[in-house]
>>> print(open('start.txt').read())   # compact mmCIF, C-alpha atoms
# COMPACT_ATOMS: atom_id res chain seq x y z
CA MET A 1 14.28 31.38 -39.66
CA SER A 2 10.64 31.47 -38.60
CA ASN A 3 9.95 34.32 -41.02
CA GLU A 4 10.95 32.14 -43.94
CA THR A 5 8.19 30.99 -46.23
CA ILE A 6 7.28 27.33 -46.69
CA ALA A 7 5.98 26.73 -50.20
CA ILE A 8 3.58 23.83 -50.76
CA LEU A 9 3.10 22.94 -54.40
CA GLY A 10 -0.15 21.06 -54.76
CA GLY A 11 -1.24 22.75 -51.56
CA THR A 12 -4.83 22.53 -52.72
CA GLY A 13 -4.85 18.75 -52.31
CA ASP A 14 -5.87 17.02 -49.08
CA GLN A 15 -2.40 16.39 -47.70
CA GLY A 16 -0.84 19.65 -48.93
CA LEU A 17 -3.72 21.65 -47.50
CA GLY A 18 -3.31 19.80 -44.21
CA LEU A 19 0.36 20.77 -44.03
CA ALA A 20 -0.50 24.38 -44.98
CA LEU A 21 -2.99 24.51 -42.10
CA ARG A 22 -0.51 23.06 -39.64
CA PHE A 23 2.42 25.28 -40.61
CA ALA A 24 0.21 28.38 -40.66
CA LYS A 25 -1.06 27.43 -37.22
CA ALA A 26 2.57 27.07 -36.09
CA GLY A 27 3.19 30.67 -37.10
CA ARG A 28 5.09 30.05 -40.33
CA ARG A 29 4.56 31.94 -43.57
CA VAL A 30 2.98 29.66 -46.14
CA ALA A 31 2.76 29.91 -49.92
CA ILE A 32 0.24 27.55 -51.46
CA GLY A 33 1.03 26.68 -55.06
CA SER A 34 -1.22 25.22 -57.71
CA ARG A 35 -1.25 24.94 -61.48
CA LYS A 36 -4.18 27.35 -61.42
CA VAL A 37 -3.68 30.47 -59.37
CA GLU A 38 -7.43 30.76 -58.61
CA ARG A 39 -7.44 27.40 -56.88
CA ALA A 40 -4.36 28.37 -54.88
CA VAL A 41 -5.95 31.66 -53.79
CA GLU A 42 -9.10 29.80 -52.77
CA ALA A 43 -7.11 27.30 -50.67
CA ALA A 44 -5.18 30.15 -49.04
CA GLU A 45 -8.46 31.81 -48.07
CA GLN A 46 -9.65 28.56 -46.54
CA VAL A 47 -6.47 28.32 -44.46
CA ARG A 48 -6.77 31.92 -43.29
CA LYS A 49 -10.38 31.28 -42.30
CA GLN A 50 -9.45 28.20 -40.26
CA VAL A 51 -6.34 29.81 -38.81
CA PRO A 52 -7.26 33.48 -38.30
CA GLU A 53 -4.00 34.10 -36.43
CA ALA A 54 -1.93 33.00 -39.46
CA LEU A 55 1.04 35.25 -40.17
CA SER A 56 0.85 35.03 -43.96
CA VAL A 57 -0.85 32.55 -46.29
CA GLU A 58 -0.73 33.27 -50.00
CA GLY A 59 -2.02 31.43 -53.04
CA ARG A 60 0.17 31.48 -56.14
CA GLU A 61 0.88 29.64 -59.31
CA ASN A 62 3.44 26.89 -58.59
CA ALA A 63 6.29 28.68 -60.37
CA ASP A 64 5.69 31.82 -58.32
CA ALA A 65 5.19 29.98 -55.03
CA VAL A 66 8.77 28.68 -55.03
CA LEU A 67 10.30 32.18 -55.10
CA ASP A 68 11.93 33.16 -51.80
CA ALA A 69 10.86 29.92 -50.15
CA PRO A 70 13.84 28.13 -48.56
CA ILE A 71 11.72 24.98 -48.29
CA VAL A 72 9.47 23.82 -51.11
CA ILE A 73 7.20 20.85 -50.44
CA LEU A 74 6.01 18.95 -53.49
CA SER A 75 2.57 17.61 -52.65
CA VAL A 76 1.08 16.54 -55.96
CA PRO A 77 0.01 13.04 -57.05
CA PHE A 78 2.93 10.92 -58.23
CA GLU A 79 1.95 11.14 -61.89
CA HIS A 80 2.35 14.94 -61.73
CA VAL A 81 5.57 15.04 -59.71
CA ALA A 82 8.06 15.14 -62.58
CA GLY A 83 5.97 17.58 -64.61
CA THR A 84 5.52 19.93 -61.67
CA LEU A 85 9.23 19.98 -60.92
CA LYS A 86 10.04 20.63 -64.58
CA ALA A 87 7.59 23.54 -64.57
CA VAL A 88 9.33 25.25 -61.65
CA ARG A 89 12.93 24.10 -61.89
CA GLU A 90 14.16 27.26 -63.67
CA ARG A 91 13.06 29.23 -60.62
CA LEU A 92 14.80 27.04 -58.04
CA VAL A 93 18.15 28.22 -56.69
CA PRO A 94 21.01 26.42 -54.95
CA GLY A 95 20.40 26.05 -51.24
CA GLN A 96 16.67 25.52 -51.55
CA ILE A 97 15.30 22.32 -50.08
CA LEU A 98 12.76 20.38 -52.12
CA VAL A 99 10.69 18.02 -50.00
CA SER A 100 9.37 14.93 -51.77
CA MET A 101 6.20 13.54 -50.26
CA GLY A 102 4.99 11.70 -53.33
CA VAL A 103 4.36 7.96 -53.35
CA PRO A 104 4.41 5.94 -56.58
CA LEU A 105 1.02 4.39 -55.95
CA ALA A 106 -0.27 2.16 -58.70
CA THR A 107 -3.27 4.48 -59.01
CA ALA A 108 -1.02 6.45 -61.36
CA ILE A 109 -1.67 3.75 -63.96
CA GLY A 110 -5.23 2.90 -62.98
CA ASP A 111 -4.38 0.10 -60.52
CA GLY A 112 -4.99 0.20 -56.76
CA ALA A 113 -3.57 2.45 -54.04
CA VAL A 114 -2.43 -0.55 -51.98
CA ARG A 115 0.33 -1.31 -54.47
CA THR A 116 3.29 0.69 -55.75
CA LEU A 117 5.00 1.06 -59.09
CA GLY A 118 8.69 0.43 -59.57
CA VAL A 119 10.49 3.70 -60.24
CA TRP A 120 13.67 3.50 -62.29
CA GLN A 121 15.55 5.79 -59.91
CA GLY A 122 14.30 3.80 -56.90
CA SER A 123 11.68 6.13 -55.44
CA CYS A 124 9.75 9.30 -56.10
CA ALA A 125 12.31 11.21 -54.02
CA GLU A 126 15.24 9.90 -56.06
CA LEU A 127 13.38 10.69 -59.29
CA LEU A 128 13.08 14.27 -58.08
CA ALA A 129 16.75 14.33 -57.06
CA ALA A 130 17.67 13.28 -60.59
CA LEU A 131 15.61 16.13 -62.04
CA ALA A 132 16.40 18.88 -59.54
CA PRO A 133 18.91 21.62 -60.40
CA GLU A 134 22.38 21.31 -58.90
CA GLY A 135 22.56 22.63 -55.36
CA VAL A 136 18.89 22.01 -54.63
CA GLU A 137 18.68 19.34 -51.93
CA VAL A 138 15.86 16.81 -52.16
CA VAL A 139 14.57 15.48 -48.83
CA SER A 140 11.98 12.75 -48.43
CA ALA A 141 9.31 13.27 -45.75
CA PHE A 142 5.61 13.34 -44.79
CA GLN A 143 4.48 10.39 -46.97
CA ASN A 144 2.97 8.45 -44.09
CA VAL A 145 1.01 11.28 -42.51
CA SER A 146 -2.75 11.08 -42.92
CA ALA A 147 -4.38 14.10 -44.59
CA HIS A 148 -7.38 13.76 -42.29
CA ARG A 149 -5.24 13.96 -39.21
CA LEU A 150 -3.33 16.96 -40.55
CA GLN A 151 -6.55 18.79 -41.23
CA ALA A 152 -8.06 18.04 -37.81
CA LEU A 153 -6.32 21.02 -36.21
CA ASP A 154 -7.63 20.36 -32.71
CA ALA A 155 -5.93 16.97 -32.35
CA PRO A 156 -2.26 15.97 -32.38
CA VAL A 157 -1.31 14.09 -35.54
CA GLU A 158 0.28 11.08 -33.77
CA CYS A 159 2.65 10.04 -36.50
CA ASP A 160 6.41 9.79 -36.93
CA VAL A 161 7.90 11.30 -40.06
CA VAL A 162 10.89 9.38 -41.36
CA VAL A 163 13.05 12.04 -43.03
CA SER A 164 15.78 11.04 -45.44
CA GLY A 165 18.26 13.01 -47.52
CA ALA A 166 21.58 14.80 -47.01
CA PRO A 167 22.30 15.33 -43.28
CA ALA A 168 21.98 19.12 -42.98
CA ALA A 169 18.91 19.29 -45.21
CA ARG A 170 17.10 16.44 -43.49
CA ARG A 171 17.82 18.02 -40.13
CA ARG A 172 16.01 21.17 -41.27
CA VAL A 173 12.99 19.15 -42.34
CA MET A 174 13.02 17.24 -39.05
CA ASP A 175 12.85 20.64 -37.33
CA LEU A 176 9.80 21.48 -39.45
CA CYS A 177 8.07 18.35 -38.18
CA ALA A 178 8.56 19.49 -34.62
CA LEU A 179 6.33 22.51 -35.34
CA VAL A 180 3.27 20.28 -35.64
CA PRO A 181 1.74 18.78 -32.48
CA GLY A 182 2.09 15.00 -32.55
CA LEU A 183 4.47 14.88 -35.50
CA ARG A 184 8.01 13.76 -34.82
CA GLY A 185 10.79 13.94 -37.37
CA VAL A 186 12.98 10.84 -37.31
CA ASP A 187 16.42 10.63 -38.91
CA GLY A 188 15.78 8.32 -41.84
CA GLY A 189 19.31 8.42 -43.24
CA PRO A 190 20.22 8.81 -46.91
CA LEU A 191 17.68 9.60 -49.62
CA PRO A 192 17.36 6.07 -51.08
CA ASN A 193 15.61 5.02 -47.86
CA ALA A 194 12.64 6.88 -49.33
CA ARG A 195 11.99 3.64 -51.23
CA ILE A 196 10.93 2.02 -47.99
CA VAL A 197 9.10 4.99 -46.53
CA GLU A 198 7.09 5.58 -49.69
CA ALA A 199 6.01 1.94 -49.79
CA ILE A 200 4.78 2.13 -46.19
CA THR A 201 2.07 4.51 -47.41
CA ALA A 202 0.61 1.76 -49.61
CA LEU A 203 0.64 -0.57 -46.60
CA LEU A 204 -1.15 2.05 -44.47
CA ILE A 205 -3.79 2.60 -47.16
CA GLY A 206 -4.52 -1.14 -47.11
CA LEU A 207 -4.69 -1.13 -43.31
CA ASN A 208 -7.10 1.84 -43.38
CA ALA A 209 -9.39 -0.19 -45.64
CA ARG A 210 -9.17 -3.45 -43.69
CA TYR A 211 -9.69 -1.74 -40.33
CA LYS A 212 -12.15 0.85 -41.71
CA VAL A 213 -10.19 3.78 -40.28
CA ALA A 214 -11.38 6.92 -42.06
CA ASP A 215 -8.98 9.19 -40.18
CA GLY A 216 -5.95 7.25 -41.37
CA ILE A 217 -3.58 4.97 -39.46
CA GLY A 218 -0.14 6.36 -38.62
CA ILE A 219 3.19 4.91 -37.55
CA ARG A 220 5.31 5.38 -34.46
CA LEU A 221 8.77 4.04 -33.78
CA THR A 222 9.24 2.56 -30.33
CA GLY A 223 12.50 2.64 -28.41
CA LEU A 224 13.86 5.89 -29.89
CA PRO A 225 16.06 7.75 -27.43
CA GLY A 226 14.41 10.77 -25.86
CA ALA A 227 10.96 9.64 -26.91
CA MET B 1 -4.89 -25.65 -29.82
CA SER B 2 -2.50 -24.64 -27.07
CA ASN B 3 -1.06 -28.15 -26.99
CA GLU B 4 0.09 -27.83 -30.57
CA THR B 5 3.78 -27.47 -31.18
CA ILE B 6 5.33 -24.39 -32.73
CA ALA B 7 8.43 -25.33 -34.72
CA ILE B 8 11.13 -22.70 -35.17
CA LEU B 9 13.67 -23.58 -37.84
CA GLY B 10 16.83 -21.62 -37.19
CA GLY B 11 15.70 -21.38 -33.59
CA THR B 12 19.34 -21.21 -32.51
CA GLY B 13 19.69 -17.73 -34.04
CA ASP B 14 19.02 -14.55 -32.08
CA GLN B 15 15.53 -13.88 -33.33
CA GLY B 16 14.42 -17.52 -33.49
CA LEU B 17 15.68 -18.12 -29.97
CA GLY B 18 13.83 -15.03 -28.81
CA LEU B 19 10.57 -16.36 -30.24
CA ALA B 20 11.23 -19.78 -28.70
CA LEU B 21 11.68 -18.15 -25.29
CA ARG B 22 8.52 -16.10 -25.65
CA PHE B 23 6.31 -18.96 -26.88
CA ALA B 24 7.67 -21.32 -24.21
CA LYS B 25 6.96 -18.66 -21.62
CA ALA B 26 3.42 -18.37 -23.00
CA GLY B 27 2.90 -22.07 -22.31
CA ARG B 28 3.21 -23.38 -25.85
CA ARG B 29 5.14 -26.47 -26.89
CA VAL B 30 8.21 -25.46 -28.89
CA ALA B 31 10.43 -27.46 -31.25
CA ILE B 32 13.70 -25.74 -32.06
CA GLY B 33 15.14 -26.81 -35.38
CA SER B 34 18.69 -26.47 -36.67
CA ARG B 35 20.82 -28.01 -39.36
CA LYS B 36 22.82 -29.61 -36.57
CA VAL B 37 20.82 -31.41 -33.94
CA GLU B 38 23.43 -30.69 -31.22
CA ARG B 39 23.00 -26.96 -31.63
CA ALA B 40 19.22 -27.35 -31.48
CA VAL B 41 19.43 -29.42 -28.31
CA GLU B 42 21.73 -26.84 -26.76
CA ALA B 43 19.34 -23.99 -27.60
CA ALA B 44 16.42 -25.97 -26.18
CA GLU B 45 18.33 -26.44 -22.92
CA GLN B 46 18.95 -22.73 -22.76
CA VAL B 47 15.23 -22.03 -23.19
CA ARG B 48 14.29 -24.55 -20.50
CA LYS B 49 16.81 -22.95 -18.16
CA GLN B 50 15.42 -19.46 -18.72
CA VAL B 51 11.80 -20.66 -18.68
CA PRO B 52 11.71 -23.45 -16.06
CA GLU B 53 7.92 -23.60 -16.26
CA ALA B 54 8.03 -24.42 -20.00
CA LEU B 55 5.65 -27.18 -21.05
CA SER B 56 7.93 -28.74 -23.66
CA VAL B 57 10.99 -27.45 -25.51
CA GLU B 58 12.81 -29.85 -27.78
CA GLY B 59 15.83 -29.49 -30.04
CA ARG B 60 15.73 -31.36 -33.35
CA GLU B 61 17.16 -31.37 -36.80
CA ASN B 62 15.08 -29.06 -39.03
CA ALA B 63 13.45 -31.90 -40.95
CA ASP B 64 12.34 -33.54 -37.70
CA ALA B 65 11.22 -30.32 -36.07
CA VAL B 66 8.48 -29.74 -38.65
CA LEU B 67 6.73 -33.04 -37.85
CA ASP B 68 3.42 -32.57 -36.03
CA ALA B 69 3.91 -28.83 -35.85
CA PRO B 70 0.87 -27.00 -37.24
CA ILE B 71 2.92 -23.80 -37.39
CA VAL B 72 6.50 -23.78 -38.65
CA ILE B 73 8.46 -20.54 -38.35
CA LEU B 74 11.40 -20.17 -40.70
CA SER B 75 13.98 -18.06 -38.88
CA VAL B 76 17.19 -18.48 -40.85
CA PRO B 77 19.20 -15.80 -42.68
CA PHE B 78 17.77 -14.99 -46.11
CA GLU B 79 20.53 -16.77 -47.98
CA HIS B 80 19.55 -20.04 -46.27
CA VAL B 81 15.79 -19.66 -46.60
CA ALA B 82 15.30 -21.51 -49.89
CA GLY B 83 17.75 -24.27 -48.97
CA THR B 84 16.14 -24.81 -45.59
CA LEU B 85 12.68 -25.10 -47.08
CA LYS B 86 13.92 -27.51 -49.73
CA ALA B 87 15.49 -29.65 -47.00
CA VAL B 88 12.18 -30.00 -45.13
CA ARG B 89 9.52 -29.69 -47.82
CA GLU B 90 9.01 -33.45 -48.21
CA ARG B 91 7.95 -33.55 -44.57
CA LEU B 92 5.44 -30.70 -44.79
CA VAL B 93 1.76 -31.60 -45.14
CA PRO B 94 -1.27 -29.66 -46.36
CA GLY B 95 -2.73 -27.45 -43.67
CA GLN B 96 0.56 -26.59 -42.09
CA ILE B 97 1.38 -22.90 -41.85
CA LEU B 98 4.88 -21.80 -42.79
CA VAL B 99 5.78 -18.43 -41.31
CA SER B 100 8.31 -16.38 -43.28
CA MET B 101 10.29 -13.96 -41.15
CA GLY B 102 13.26 -13.65 -43.50
CA VAL B 103 14.37 -10.34 -44.95
CA PRO B 104 16.42 -10.13 -48.16
CA LEU B 105 19.09 -7.94 -46.58
CA ALA B 106 22.01 -7.14 -48.84
CA THR B 107 24.28 -8.84 -46.28
CA ALA B 108 23.40 -12.01 -48.20
CA ILE B 109 25.79 -10.82 -50.92
CA GLY B 110 28.30 -9.05 -48.69
CA ASP B 111 26.69 -5.60 -48.81
CA GLY B 112 25.10 -3.79 -45.84
CA ALA B 113 22.10 -4.66 -43.68
CA VAL B 114 20.50 -1.26 -44.32
CA ARG B 115 19.71 -2.21 -47.91
CA THR B 116 17.67 -5.02 -49.46
CA LEU B 117 18.05 -7.19 -52.51
CA GLY B 118 15.38 -7.45 -55.17
CA VAL B 119 13.77 -10.87 -55.05
CA TRP B 120 12.30 -12.17 -58.31
CA GLN B 121 9.10 -13.32 -56.62
CA GLY B 122 8.78 -9.97 -54.82
CA SER B 123 9.77 -10.90 -51.27
CA CYS B 124 11.24 -13.64 -49.14
CA ALA B 125 7.70 -14.69 -48.21
CA GLU B 126 6.62 -14.99 -51.85
CA LEU B 127 9.79 -16.93 -52.66
CA LEU B 128 8.82 -19.40 -49.95
CA ALA B 129 5.24 -19.53 -51.24
CA ALA B 130 6.59 -20.45 -54.67
CA LEU B 131 8.65 -23.28 -53.18
CA ALA B 132 6.19 -24.59 -50.58
CA PRO B 133 4.18 -27.76 -51.24
CA GLU B 134 0.56 -27.34 -52.27
CA GLY B 135 -1.73 -26.82 -49.32
CA VAL B 136 0.98 -25.36 -47.08
CA GLU B 137 0.08 -21.74 -46.38
CA VAL B 138 2.90 -19.22 -46.20
CA VAL B 139 2.34 -16.29 -43.85
CA SER B 140 4.66 -13.32 -43.45
CA ALA B 141 5.31 -12.07 -39.89
CA PHE B 142 7.82 -11.10 -37.17
CA GLN B 143 10.38 -9.41 -39.46
CA ASN B 144 10.35 -6.12 -37.58
CA VAL B 145 10.66 -7.53 -34.07
CA SER B 146 14.00 -6.97 -32.37
CA ALA B 147 15.79 -10.11 -31.20
CA HIS B 148 17.04 -8.27 -28.14
CA ARG B 149 13.56 -7.30 -27.11
CA LEU B 150 12.27 -10.82 -27.64
CA GLN B 151 15.02 -12.24 -25.46
CA ALA B 152 14.47 -9.72 -22.64
CA LEU B 153 11.72 -11.81 -21.08
CA ASP B 154 10.96 -9.38 -18.28
CA ALA B 155 9.89 -6.55 -20.56
CA PRO B 156 7.06 -6.26 -23.07
CA VAL B 157 8.30 -6.28 -26.67
CA GLU B 158 6.48 -3.10 -27.77
CA CYS B 159 6.20 -3.86 -31.43
CA ASP B 160 3.39 -4.42 -33.90
CA VAL B 161 3.65 -7.44 -36.16
CA VAL B 162 2.19 -6.86 -39.60
CA VAL B 163 0.93 -10.29 -40.66
CA SER B 164 0.16 -11.01 -44.30
CA GLY B 165 -1.03 -14.10 -46.15
CA ALA B 166 -4.31 -15.92 -46.76
CA PRO B 167 -7.03 -14.70 -44.35
CA ALA B 168 -7.51 -17.81 -42.15
CA ALA B 169 -3.80 -18.52 -41.92
CA ARG B 170 -2.81 -14.97 -41.10
CA ARG B 171 -5.51 -14.84 -38.44
CA ARG B 172 -3.87 -17.83 -36.73
CA VAL B 173 -0.49 -16.12 -36.77
CA MET B 174 -2.03 -12.91 -35.43
CA ASP B 175 -3.36 -15.02 -32.55
CA LEU B 176 0.19 -16.27 -31.93
CA CYS B 177 1.40 -12.68 -31.60
CA ALA B 178 -1.15 -12.06 -28.87
CA LEU B 179 0.63 -14.67 -26.72
CA VAL B 180 3.64 -12.41 -26.30
CA PRO B 181 3.38 -9.35 -24.02
CA GLY B 182 3.72 -6.17 -26.05
CA LEU B 183 3.42 -7.86 -29.43
CA ARG B 184 0.32 -7.10 -31.44
CA GLY B 185 -0.62 -8.90 -34.63
CA VAL B 186 -1.97 -6.52 -37.26
CA ASP B 187 -3.89 -7.64 -40.35
CA GLY B 188 -1.40 -6.93 -43.12
CA GLY B 189 -3.54 -8.25 -45.97
CA PRO B 190 -2.34 -10.47 -48.81
CA LEU B 191 1.12 -12.04 -48.91
CA PRO B 192 2.72 -9.63 -51.42
CA ASN B 193 2.56 -6.92 -48.74
CA ALA B 194 5.51 -8.76 -47.23
CA ARG B 195 7.58 -6.76 -49.72
CA ILE B 196 6.94 -3.65 -47.69
CA VAL B 197 7.18 -5.24 -44.27
CA GLU B 198 10.49 -6.95 -45.06
CA ALA B 199 11.99 -3.67 -46.26
CA ILE B 200 10.98 -1.95 -43.03
CA THR B 201 13.51 -4.15 -41.24
CA ALA B 202 16.35 -2.61 -43.25
CA LEU B 203 15.04 0.84 -42.32
CA LEU B 204 14.93 -0.14 -38.63
CA ILE B 205 18.49 -1.48 -38.77
CA GLY B 206 19.64 1.89 -40.11
CA LEU B 207 17.70 3.71 -37.40
CA ASN B 208 19.26 1.50 -34.72
CA ALA B 209 22.69 2.52 -35.98
CA ARG B 210 21.95 6.24 -36.30
CA TYR B 211 20.28 6.44 -32.89
CA LYS B 212 22.65 3.91 -31.26
CA VAL B 213 19.80 1.76 -29.95
CA ALA B 214 21.25 -1.62 -29.04
CA ASP B 215 17.89 -3.05 -27.98
CA GLY B 216 16.36 -2.40 -31.38
CA ILE B 217 13.73 0.09 -32.45
CA GLY B 218 10.23 -1.25 -33.11
CA ILE B 219 7.13 0.02 -34.88
CA ARG B 220 3.62 0.73 -33.72
CA LEU B 221 0.61 1.68 -35.77
CA THR B 222 -1.45 4.54 -34.37
CA GLY B 223 -5.19 4.87 -34.78
CA LEU B 224 -5.98 1.14 -35.01
CA PRO B 225 -9.44 0.38 -33.63
CA GLY B 226 -9.41 -1.27 -30.23
CA ALA B 227 -5.81 -0.21 -29.57
>>> encode(input="start.txt", output="structure tokens")
Amino acid sequence: MSNETIAILGGTGDQGLGLALRFAKAGRRVAIGSRKVERAVEAAEQVRKQVPEALSVEGRENADAVLDAPIVILSVPFEHVAGTLKAVRERLVPGQILVSMGVPLATAIGDGAVRTLGVWQGSCAELLAALAPEGVEVVSAFQNVSAHRLQALDAPVECDVVVSGAPAARRRVMDLCALVPGLRGVDGGPLPNARIVEAITALLIGLNARYKVADGIGIRLTGLPGA
Amino acid sequence: MSNETIAILGGTGDQGLGLALRFAKAGRRVAIGSRKVERAVEAAEQVRKQVPEALSVEGRENADAVLDAPIVILSVPFEHVAGTLKAVRERLVPGQILVSMGVPLATAIGDGAVRTLGVWQGSCAELLAALAPEGVEVVSAFQNVSAHRLQALDAPVECDVVVSGAPAARRRVMDLCALVPGLRGVDGGPLPNARIVEAITALLIGLNARYKVADGIGIRLTGLPGA
């Protein structure tokens, strides 16, 4: 399992790059995808420089990054989520897990990041599930994790990741979370719960502004068994 | 200030009773409101029994409980929120703060507590704001706090309370939170953010079921200054 590649589409962005750094540091193979292969290659070099012990970090065009990657994380701004999936969907195969970390922030239409848009399907994750090929499982995760904290490799991230989707698939993504110090995957139930988790990101962005927290505020659940 | 009464409409319910216990324990005067005065009186007796040092705990009909109470907490199930406000609104005066802790759970229409209803105004809190008399400030708070934890007086509650509404009013409710061990009031910004905070309750109810946590799971924000 640990030799399997994690693909991160939009891995050149702040949050995607942060996940690439963390998974590379955890000893996983990482494929960084971008619309432009040069940008992906550049981001991969940056990860290898910061994590010299990385097993394998490659930069590829999005449609190539998804090949042979059992888990594909979609880390592009909400307004590019549907287009990115459409650009790679022919390459996806049954059994692959597609992780939705997009949030329908109102920035997509020029309004503020502290508010969300209503999505017809209910959430970004459900939009992706409606567009994904049959047999590809969409799982919602990582929306509430600060990019700054992910990129600060020396410190634990200190954030719970509420993971929702089909049971077996969400379990695999919860296991991914456990690879990153300070991240904890929490069983968030069925995919439509992404509606709530995505909205929390807008709340956190507002809190970051009001409390002037540049590193990003995170969430923890209290009272979870075994915590 | 500490001699001012906190009125809790629906204070005979699990969560309202929990708040009554905690505020009585913190030395505040408490008025428990109910549709039926006998039930309110009974709940008040229960609070006085559990908190013998309580300054003043009275049981009243809802419309009487709001009199002379600078802060009125509305702790009734969502389907009774509008009706309860309408029953007391003639008695409310400018300057009073009305705290909305209702959550539009789908139980209101016979569906499950892990899902929410869409509210035309955006949230239970905004519905109340639309119905409240001019000059009465609606503040959203306490939705994510477990009734069990509130009632377990010997233990800290371990939950953050995201408080939203007009700045001065929400500051006063944040100060209320600080009276209860383990509760922390967090500046949740303008009232429409209640949409997100209310939905979190449905997520927590699902988590309680999946993790079999009878006491109720809470939330904490990480990275807040001064925490």
>>> axis_aligned_box(input="start.txt", around="segment 187-204 of chain B", padding_each_side="8 Å", output="lines of an AutoDock Vina configuration file")
center_x = 6.2
center_y = -5.6
center_z = -45.0
size_x = 36.2
size_y = 28.9
size_z = 28.8
>>> residues_near_point(input="start.txt", point="(1.1, -4.7, -44.5)", cutoff="12 Å", atoms="only C-alpha atoms", output="PyMOL selection string")
(chain A and resi 114-115+199-211+217) or (chain B and resi 139-144+160-165+170+185-200+221)
>>> atom_distance(input="start.txt", atom1="atom CA of Val41 of chain A", atom2="atom CA of Ile8 of chain A")
12.7 Å
>>> interface_residues(input="start.txt", of="chain A", to="chain B", cutoff="6 Å", atoms="only C-alpha atoms", output="PDB file with C-alpha atoms, in the frame of the given file")
ATOM      1  CA  ILE A 217      -3.580   4.970 -39.460  1.00  0.00           C
ATOM      2  CA  GLY A 218      -0.140   6.360 -38.620  1.00  0.00           C
ATOM      3  CA  ILE A 219       3.190   4.910 -37.550  1.00  0.00           C
ATOM      4  CA  ARG A 220       5.310   5.380 -34.460  1.00  0.00           C
ATOM      5  CA  LEU A 221       8.770   4.040 -33.780  1.00  0.00           C
ATOM      6  CA  THR A 222       9.240   2.560 -30.330  1.00  0.00           C
ATOM      7  CA  GLY A 223      12.500   2.640 -28.410  1.00  0.00           C
TER       8      GLY A 223
END
>>> residues_around(input="start.txt", residues="Arg60 of chain B", least_positions_apart="6", cutoff="12 Å", atoms="all atoms listed in the file", output="PyMOL selection string")
chain B and resi 7-12+30-45+66-67
>>> write_last_selection(input="start.txt", atoms="C-alpha atoms", output="short mmCIF file (atom, residue, chain, number, x, y, z; two decimals), in the coordinates of the input")
data_model
loop_
_atom_site.label_atom_id
_atom_site.label_comp_id
_atom_site.auth_asym_id
_atom_site.auth_seq_id
_atom_site.Cartn_x
_atom_site.Cartn_y
_atom_site.Cartn_z
CA ALA B 7 8.43 -25.33 -34.72
CA ILE B 8 11.13 -22.70 -35.17
CA LEU B 9 13.67 -23.58 -37.84
CA GLY B 10 16.83 -21.62 -37.19
CA GLY B 11 15.70 -21.38 -33.59
CA THR B 12 19.34 -21.21 -32.51
CA VAL B 30 8.21 -25.46 -28.89
CA ALA B 31 10.43 -27.46 -31.25
CA ILE B 32 13.70 -25.74 -32.06
CA GLY B 33 15.14 -26.81 -35.38
CA SER B 34 18.69 -26.47 -36.67
CA ARG B 35 20.82 -28.01 -39.36
CA LYS B 36 22.82 -29.61 -36.57
CA VAL B 37 20.82 -31.41 -33.94
CA GLU B 38 23.43 -30.69 -31.22
CA ARG B 39 23.00 -26.96 -31.63
CA ALA B 40 19.22 -27.35 -31.48
CA VAL B 41 19.43 -29.42 -28.31
CA GLU B 42 21.73 -26.84 -26.76
CA ALA B 43 19.34 -23.99 -27.60
CA ALA B 44 16.42 -25.97 -26.18
CA GLU B 45 18.33 -26.44 -22.92
CA VAL B 66 8.48 -29.74 -38.65
CA LEU B 67 6.73 -33.04 -37.85
#
>>> atom_distance(input="start.txt", atom1="atom CA of Val93 of chain B", atom2="atom CA of Ala129 of chain B")
14.0 Å
>>> decode(input="start.txt", residues="segment 131-138 of chain A", atoms="N, CA and C atoms", output="PDB file, in the first residue's frame")
ATOM      1  N   LEU A 131     -20.293  13.967 -11.326  1.00  0.00           N
ATOM      2  CA  LEU A 131     -19.519  14.011 -12.574  1.00  0.00           C
ATOM      3  C   LEU A 131     -18.546  12.848 -12.724  1.00  0.00           C
ATOM      4  N   ALA A 132     -18.234  12.176 -11.633  1.00  0.00           N
ATOM      5  CA  ALA A 132     -17.194  11.141 -11.667  1.00  0.00           C
ATOM      6  C   ALA A 132     -17.687   9.899 -12.408  1.00  0.00           C
ATOM      7  N   PRO A 133     -16.774   9.179 -13.072  1.00  0.00           N
ATOM      8  CA  PRO A 133     -17.158   7.940 -13.752  1.00  0.00           C
ATOM      9  C   PRO A 133     -17.661   6.904 -12.741  1.00  0.00           C
ATOM     10  N   GLU A 134     -18.483   5.997 -13.200  1.00  0.00           N
ATOM     11  CA  GLU A 134     -18.991   4.945 -12.324  1.00  0.00           C
ATOM     12  C   GLU A 134     -17.829   4.148 -11.730  1.00  0.00           C
ATOM     13  N   GLY A 135     -17.941   3.828 -10.465  1.00  0.00           N
ATOM     14  CA  GLY A 135     -16.908   3.017  -9.827  1.00  0.00           C
ATOM     15  C   GLY A 135     -15.803   3.845  -9.191  1.00  0.00           C
ATOM     16  N   VAL A 136     -15.751   5.124  -9.509  1.00  0.00           N
ATOM     17  CA  VAL A 136     -14.790   6.010  -8.840  1.00  0.00           C
ATOM     18  C   VAL A 136     -15.490   6.585  -7.614  1.00  0.00           C
ATOM     19  N   GLU A 137     -14.904   6.379  -6.447  1.00  0.00           N
ATOM     20  CA  GLU A 137     -15.536   6.811  -5.202  1.00  0.00           C
ATOM     21  C   GLU A 137     -15.071   8.208  -4.830  1.00  0.00           C
ATOM     22  N   VAL A 138     -15.991   9.114  -4.633  1.00  0.00           N
ATOM     23  CA  VAL A 138     -15.620  10.458  -4.180  1.00  0.00           C
ATOM     24  C   VAL A 138     -15.682  10.507  -2.650  1.00  0.00           C
TER      25      VAL A 138
END
